[in-house]
Amino acid sequence: MSFQQPAGNTLFTATISDSNAAFLDGTTVPLAECASAATTLPLDLDLWHRRLAHHHFEGVKNLLKKKLVTGMTLNSSAAPDPICEPCLAGKMHANPFPSSEWRATRPLELVHSDAHQVPYPSFSGYRYWVTFIDDYSRFRFVLLIKAKSDIFDAFKQFKAYAENQSEHKIKILRDDKGGEYMSNAFTKNTTNCGIERQHTVRARPQQNGVAERANRVLSERLTTMLDKSGLAKAFWGEALGALVHTPYQLWNGTKPDVSHLRVWGCTAYVHIQKLVLVLKWRSVSLLATLRATRAGNSTTPLRRRLLSQRELTLMRDTSLCLSVLYQPLSLLRVQKLRILLLPLQQRDTRADLLPKATIRGLALTILRSLHPLSGCPPFELS
């Protein structure tokens, strides 16, 4: 079977099979031999960019310049389109955030704020902390809160303290526009006080970098302090109270005195007063630096209650095994306890947590459990 033009020239022929199907006679030209000839588009950088699965243009030029491949030719010098929509769909990312060159020139001209959630509650039941950072001095104010709804109350406490101590007024408050900062009461309060509000774009923590960075540093150092001391994670609130000290001089106008600082979690000795039994001293774990006085609170894991300890007589910068010496009558036993010294500011609010049992009754209970006639070996609490 053949197909011819009117002039008699044969165009092509076909062979008819037994099933009455016609198959063209001839061969197929290999694709590799006619790839360039088959295209109707100019061989420019834009075409090779798409053929190479949207490889970047500099990489395509490098292949041509250094002749790293064969069969790659250009027959057009047209500049490629600078906007490739498929590349935008698959490769687009956020532009880097430049650092701000503006800095406050006096205290409280700009305050950065952000809340941070801790995955486990503190010993006192707190689950968050909120930071207020003065842009001028970078002085950090950190307040513990039990819910994000408490941030407004925390802000009022910070405002009253900071403005009274610095004799300056808050001009600008910058936050991440979280719901805890956008309540009607919060907005009304800042408006009445003439405080300008600056909100960052949602899901862009880089715009609130001062507060975000501070929270990260605090979280990392808390983890380090708790790991070194060997205490439970629930004591993060007490660790945070001992951690936040600096910067200091720009805010207070004087250089800080660090002679009172000790290693957080080190061994300390506290004098015990007015006991019937012979109980003269107690070794405790120092978990907070007391600023105004040597009085503080401590707690024992035996009862998980707060005991007032006012005479701190000796401290050592070592984290050793702690002991309490009981010496009633002729019996001598050693019990290991770890005791917490809380910050002075929290002392007056914990009076309701004092143990119901007297110390004498507690000591007798311990001595009975340690008595040789009981058949029980001396026990230890870490």
# chains A, B, ... in the order shown; residues from 1 in each chain; ligands from 1
>>> closest_atom_pairs(of="region 134-233 of chain A", to="region 111-126 of chain A", cutoff="6 Å", atoms="only C-alpha atoms", output="tab-separated table")
residue	atom	partner	partner_atom	distance
A:Asp134	CA	A:Val111	CA	4.8
A:Asp135	CA	A:Val111	CA	5.8
A:Ile145	CA	A:Tyr126	CA	5.5
A:Lys146	CA	A:Tyr126	CA	4.4
A:Leu173	CA	A:Val111	CA	4.9
A:Arg174	CA	A:His112	CA	4.9
A:Asp175	CA	A:Ser113	CA	5.3
A:Ala211	CA	A:Asp114	CA	5.7
>>> residues_around(residues="Tyr248 (chain A)", least_positions_apart="3", cutoff="12 Å", atoms="only C-alpha atoms", output="PyMOL selection string")
chain A and resi 134+136-141+244-245+251-258
>>> select_by_dssp(residues="region 194-270 of chain A", states="strand (DSSP E or B)", output="JSON, numbers by chain")
{"A": [196, 197, 198, 199, 266, 267, 268, 269, 270]}
>>> write_last_selection(atoms="N, CA and C atoms", output="mmCIF file, in the first residue's frame")
data_model
loop_
_atom_site.group_PDB
_atom_site.id
_atom_site.type_symbol
_atom_site.label_atom_id
_atom_site.label_comp_id
_atom_site.auth_asym_id
_atom_site.auth_seq_id
_atom_site.Cartn_x
_atom_site.Cartn_y
_atom_site.Cartn_z
ATOM 1 N N GLU A 196 3.191 54.243 74.144
ATOM 2 C CA GLU A 196 3.055 53.812 72.755
ATOM 3 C C GLU A 196 3.254 52.305 72.664
ATOM 4 N N ARG A 197 2.419 51.646 71.881
ATOM 5 C CA ARG A 197 2.517 50.200 71.706
ATOM 6 C C ARG A 197 3.129 49.887 70.347
ATOM 7 N N GLN A 198 4.109 49.012 70.341
ATOM 8 C CA GLN A 198 4.714 48.510 69.115
ATOM 9 C C GLN A 198 4.538 46.997 69.087
ATOM 10 N N HIS A 199 3.862 46.484 68.048
ATOM 11 C CA HIS A 199 3.612 45.056 67.910
ATOM 12 C C HIS A 199 4.406 44.517 66.724
ATOM 13 N N CYS A 266 25.317 25.065 96.252
ATOM 14 C CA CYS A 266 26.437 24.652 97.092
ATOM 15 C C CYS A 266 25.950 24.373 98.512
ATOM 16 N N THR A 267 26.829 23.809 99.328
ATOM 17 C CA THR A 267 26.490 23.460 100.702
ATOM 18 C C THR A 267 26.566 24.686 101.593
ATOM 19 N N ALA A 268 25.591 24.833 102.487
ATOM 20 C CA ALA A 268 25.565 25.929 103.452
ATOM 21 C C ALA A 268 25.122 25.382 104.799
ATOM 22 N N TYR A 269 25.465 26.100 105.881
ATOM 23 C CA TYR A 269 25.113 25.672 107.223
ATOM 24 C C TYR A 269 24.180 26.699 107.858
ATOM 25 N N VAL A 270 23.096 26.224 108.442
ATOM 26 C CA VAL A 270 22.084 27.080 109.051
ATOM 27 C C VAL A 270 21.917 26.699 110.511
#
>>> closest_residue(among="A:Leu52, A:Phe12, A:Leu226, A:Leu41", to="Thr27 (chain A)", atoms="only C-alpha atoms")
A:Phe12
>>> closest_residue(among="A:Asp18, A:Leu68, A:Val201, A:Cys87", to="His49 (chain A)", atoms="only C-alpha atoms")
A:Cys87
>>> residues_around(residues="Cys193 (chain A)", least_positions_apart="4", cutoff="9 Å", atoms="only C-alpha atoms", output="ChimeraX atom specification")
/A:170,188-189
>>> write_last_selection(atoms="C-alpha atoms", output="PDB file, in the first residue's frame")
ATOM      1  CA  ILE A 170       7.776  54.158  80.119  1.00  0.00           C
ATOM      2  CA  LYS A 188      -6.856  50.765  78.026  1.00  0.00           C
ATOM      3  CA  ASN A 189      -4.155  50.973  80.714  1.00  0.00           C
TER       4      ASN A 189
END
>>> select_by_dssp(residues="region 151-192 of chain A", states="alpha helix (DSSP H)", output="ChimeraX atom specification")
/A:151-166,184-192
>>> write_last_selection(atoms="N, CA and C atoms", output="compact mmCIF listing (two decimals), in the first residue's frame")
# COMPACT_ATOMS: atom_id res chain seq x y z
N ILE A 151 -0.20 38.33 82.79
CA ILE A 151 0.84 39.23 82.28
C ILE A 151 0.48 40.69 82.55
N PHE A 152 -0.79 41.03 82.44
CA PHE A 152 -1.19 42.42 82.69
C PHE A 152 -0.87 42.84 84.12
N ASP A 153 -1.17 41.97 85.08
CA ASP A 153 -0.83 42.26 86.47
C ASP A 153 0.69 42.37 86.65
N ALA A 154 1.42 41.50 85.96
CA ALA A 154 2.88 41.56 86.03
C ALA A 154 3.41 42.87 85.46
N PHE A 155 2.78 43.34 84.38
CA PHE A 155 3.21 44.61 83.79
C PHE A 155 2.97 45.77 84.74
N LYS A 156 1.85 45.77 85.43
CA LYS A 156 1.58 46.85 86.38
C LYS A 156 2.59 46.85 87.53
N GLN A 157 2.98 45.66 87.99
CA GLN A 157 4.00 45.58 89.02
C GLN A 157 5.34 46.11 88.51
N PHE A 158 5.71 45.70 87.29
CA PHE A 158 6.96 46.17 86.71
C PHE A 158 6.94 47.67 86.50
N LYS A 159 5.84 48.20 85.99
CA LYS A 159 5.74 49.63 85.73
C LYS A 159 5.89 50.44 87.01
N ALA A 160 5.22 50.01 88.06
CA ALA A 160 5.30 50.75 89.32
C ALA A 160 6.72 50.72 89.88
N TYR A 161 7.36 49.55 89.83
CA TYR A 161 8.71 49.44 90.38
C TYR A 161 9.72 50.19 89.53
N ALA A 162 9.70 49.98 88.22
CA ALA A 162 10.71 50.56 87.34
C ALA A 162 10.61 52.08 87.32
N GLU A 163 9.41 52.62 87.23
CA GLU A 163 9.28 54.07 87.17
C GLU A 163 9.65 54.72 88.49
N ASN A 164 9.36 54.04 89.59
CA ASN A 164 9.72 54.61 90.89
C ASN A 164 11.22 54.57 91.12
N GLN A 165 11.88 53.49 90.71
CA GLN A 165 13.32 53.35 90.93
C GLN A 165 14.14 54.22 89.99
N SER A 166 13.71 54.33 88.76
CA SER A 166 14.50 55.07 87.76
C SER A 166 14.10 56.53 87.63
N ASN A 184 -8.41 44.03 76.47
CA ASN A 184 -8.98 45.38 76.56
C ASN A 184 -8.42 46.14 77.75
N ALA A 185 -8.25 45.43 78.87
CA ALA A 185 -7.72 46.10 80.07
C ALA A 185 -6.29 46.55 79.86
N PHE A 186 -5.48 45.71 79.20
CA PHE A 186 -4.08 46.06 78.93
C PHE A 186 -4.02 47.27 78.01
N THR A 187 -4.78 47.23 76.93
CA THR A 187 -4.77 48.33 75.96
C THR A 187 -5.25 49.63 76.59
N LYS A 188 -6.32 49.57 77.39
CA LYS A 188 -6.86 50.77 78.03
C LYS A 188 -5.84 51.36 78.99
N ASN A 189 -5.14 50.49 79.74
CA ASN A 189 -4.16 50.97 80.71
C ASN A 189 -3.01 51.71 80.03
N THR A 190 -2.45 51.12 78.98
CA THR A 190 -1.33 51.77 78.29
C THR A 190 -1.77 53.06 77.59
N THR A 191 -3.01 53.07 77.09
CA THR A 191 -3.52 54.29 76.46
C THR A 191 -3.67 55.41 77.48
N ASN A 192 -4.22 55.10 78.64
CA ASN A 192 -4.39 56.11 79.68
C ASN A 192 -3.06 56.62 80.21
>>> closest_residue(among="A:Asp25, A:Glu85, A:Glu238, A:Asp227", to="Arg50 (chain A)", atoms="only C-alpha atoms")
A:Glu85
>>> atom_distance(atom1="CA of Glu212 (chain A)", atom2="CA of Val142 (chain A)")
13.0 Å
>>> atom_distance(atom1="CA of Gly265 (chain A)", atom2="CA of Val217 (chain A)")
19.6 Å
>>> residues_around(residues="Glu220 (chain A)", least_positions_apart="4", cutoff="12 Å", atoms="only C-alpha atoms", output="CSV table (one decimal) with N, CA and C atoms, in the first residue's frame")
chain,number,residue,atom,x,y,z
A,118,VAL,N,7.3,27.2,80.4
A,118,VAL,CA,8.2,26.1,80.9
A,118,VAL,C,7.3,24.8,80.9
A,213,ARG,N,15.9,36.6,72.6
A,213,ARG,CA,17.2,36.2,72.9
A,213,ARG,C,17.4,36.0,74.4
A,214,ALA,N,16.8,37.0,75.2
A,214,ALA,CA,17.0,36.9,76.6
A,214,ALA,C,16.3,35.7,77.2
A,215,ASN,N,15.1,35.3,76.7
A,215,ASN,CA,14.4,34.1,77.1
A,215,ASN,C,15.2,32.9,76.8
A,216,ARG,N,15.9,32.9,75.6
A,216,ARG,CA,16.7,31.7,75.3
A,216,ARG,C,17.9,31.5,76.2
A,224,THR,N,21.4,24.5,82.8
A,224,THR,CA,22.8,24.2,83.3
A,224,THR,C,22.8,24.2,84.8
A,225,MET,N,22.2,25.2,85.4
A,225,MET,CA,22.2,25.3,86.9
A,225,MET,C,21.5,24.1,87.5
A,226,LEU,N,20.4,23.7,87.0
A,226,LEU,CA,19.7,22.5,87.6
A,226,LEU,C,20.5,21.2,87.4
A,227,ASP,N,21.1,21.1,86.2
A,227,ASP,CA,21.9,19.9,86.0
A,227,ASP,C,23.1,19.8,86.9
A,236,TRP,N,13.0,25.3,89.1
A,236,TRP,CA,13.5,26.3,88.1
A,236,TRP,C,13.1,27.7,88.5
A,239,ALA,N,15.7,28.9,90.9
A,239,ALA,CA,17.0,29.1,90.1
A,239,ALA,C,16.9,30.4,89.3
A,240,LEU,N,15.7,30.7,88.8
A,240,LEU,CA,15.6,31.9,88.0
A,240,LEU,C,15.8,33.2,88.9
A,243,LEU,N,19.4,33.7,89.2
A,243,LEU,CA,20.1,33.9,88.0
A,243,LEU,C,20.1,35.4,87.5
>>> atom_distance(atom1="CA of Tyr128 (chain A)", atom2="CA of Leu144 (chain A)")
6.0 Å
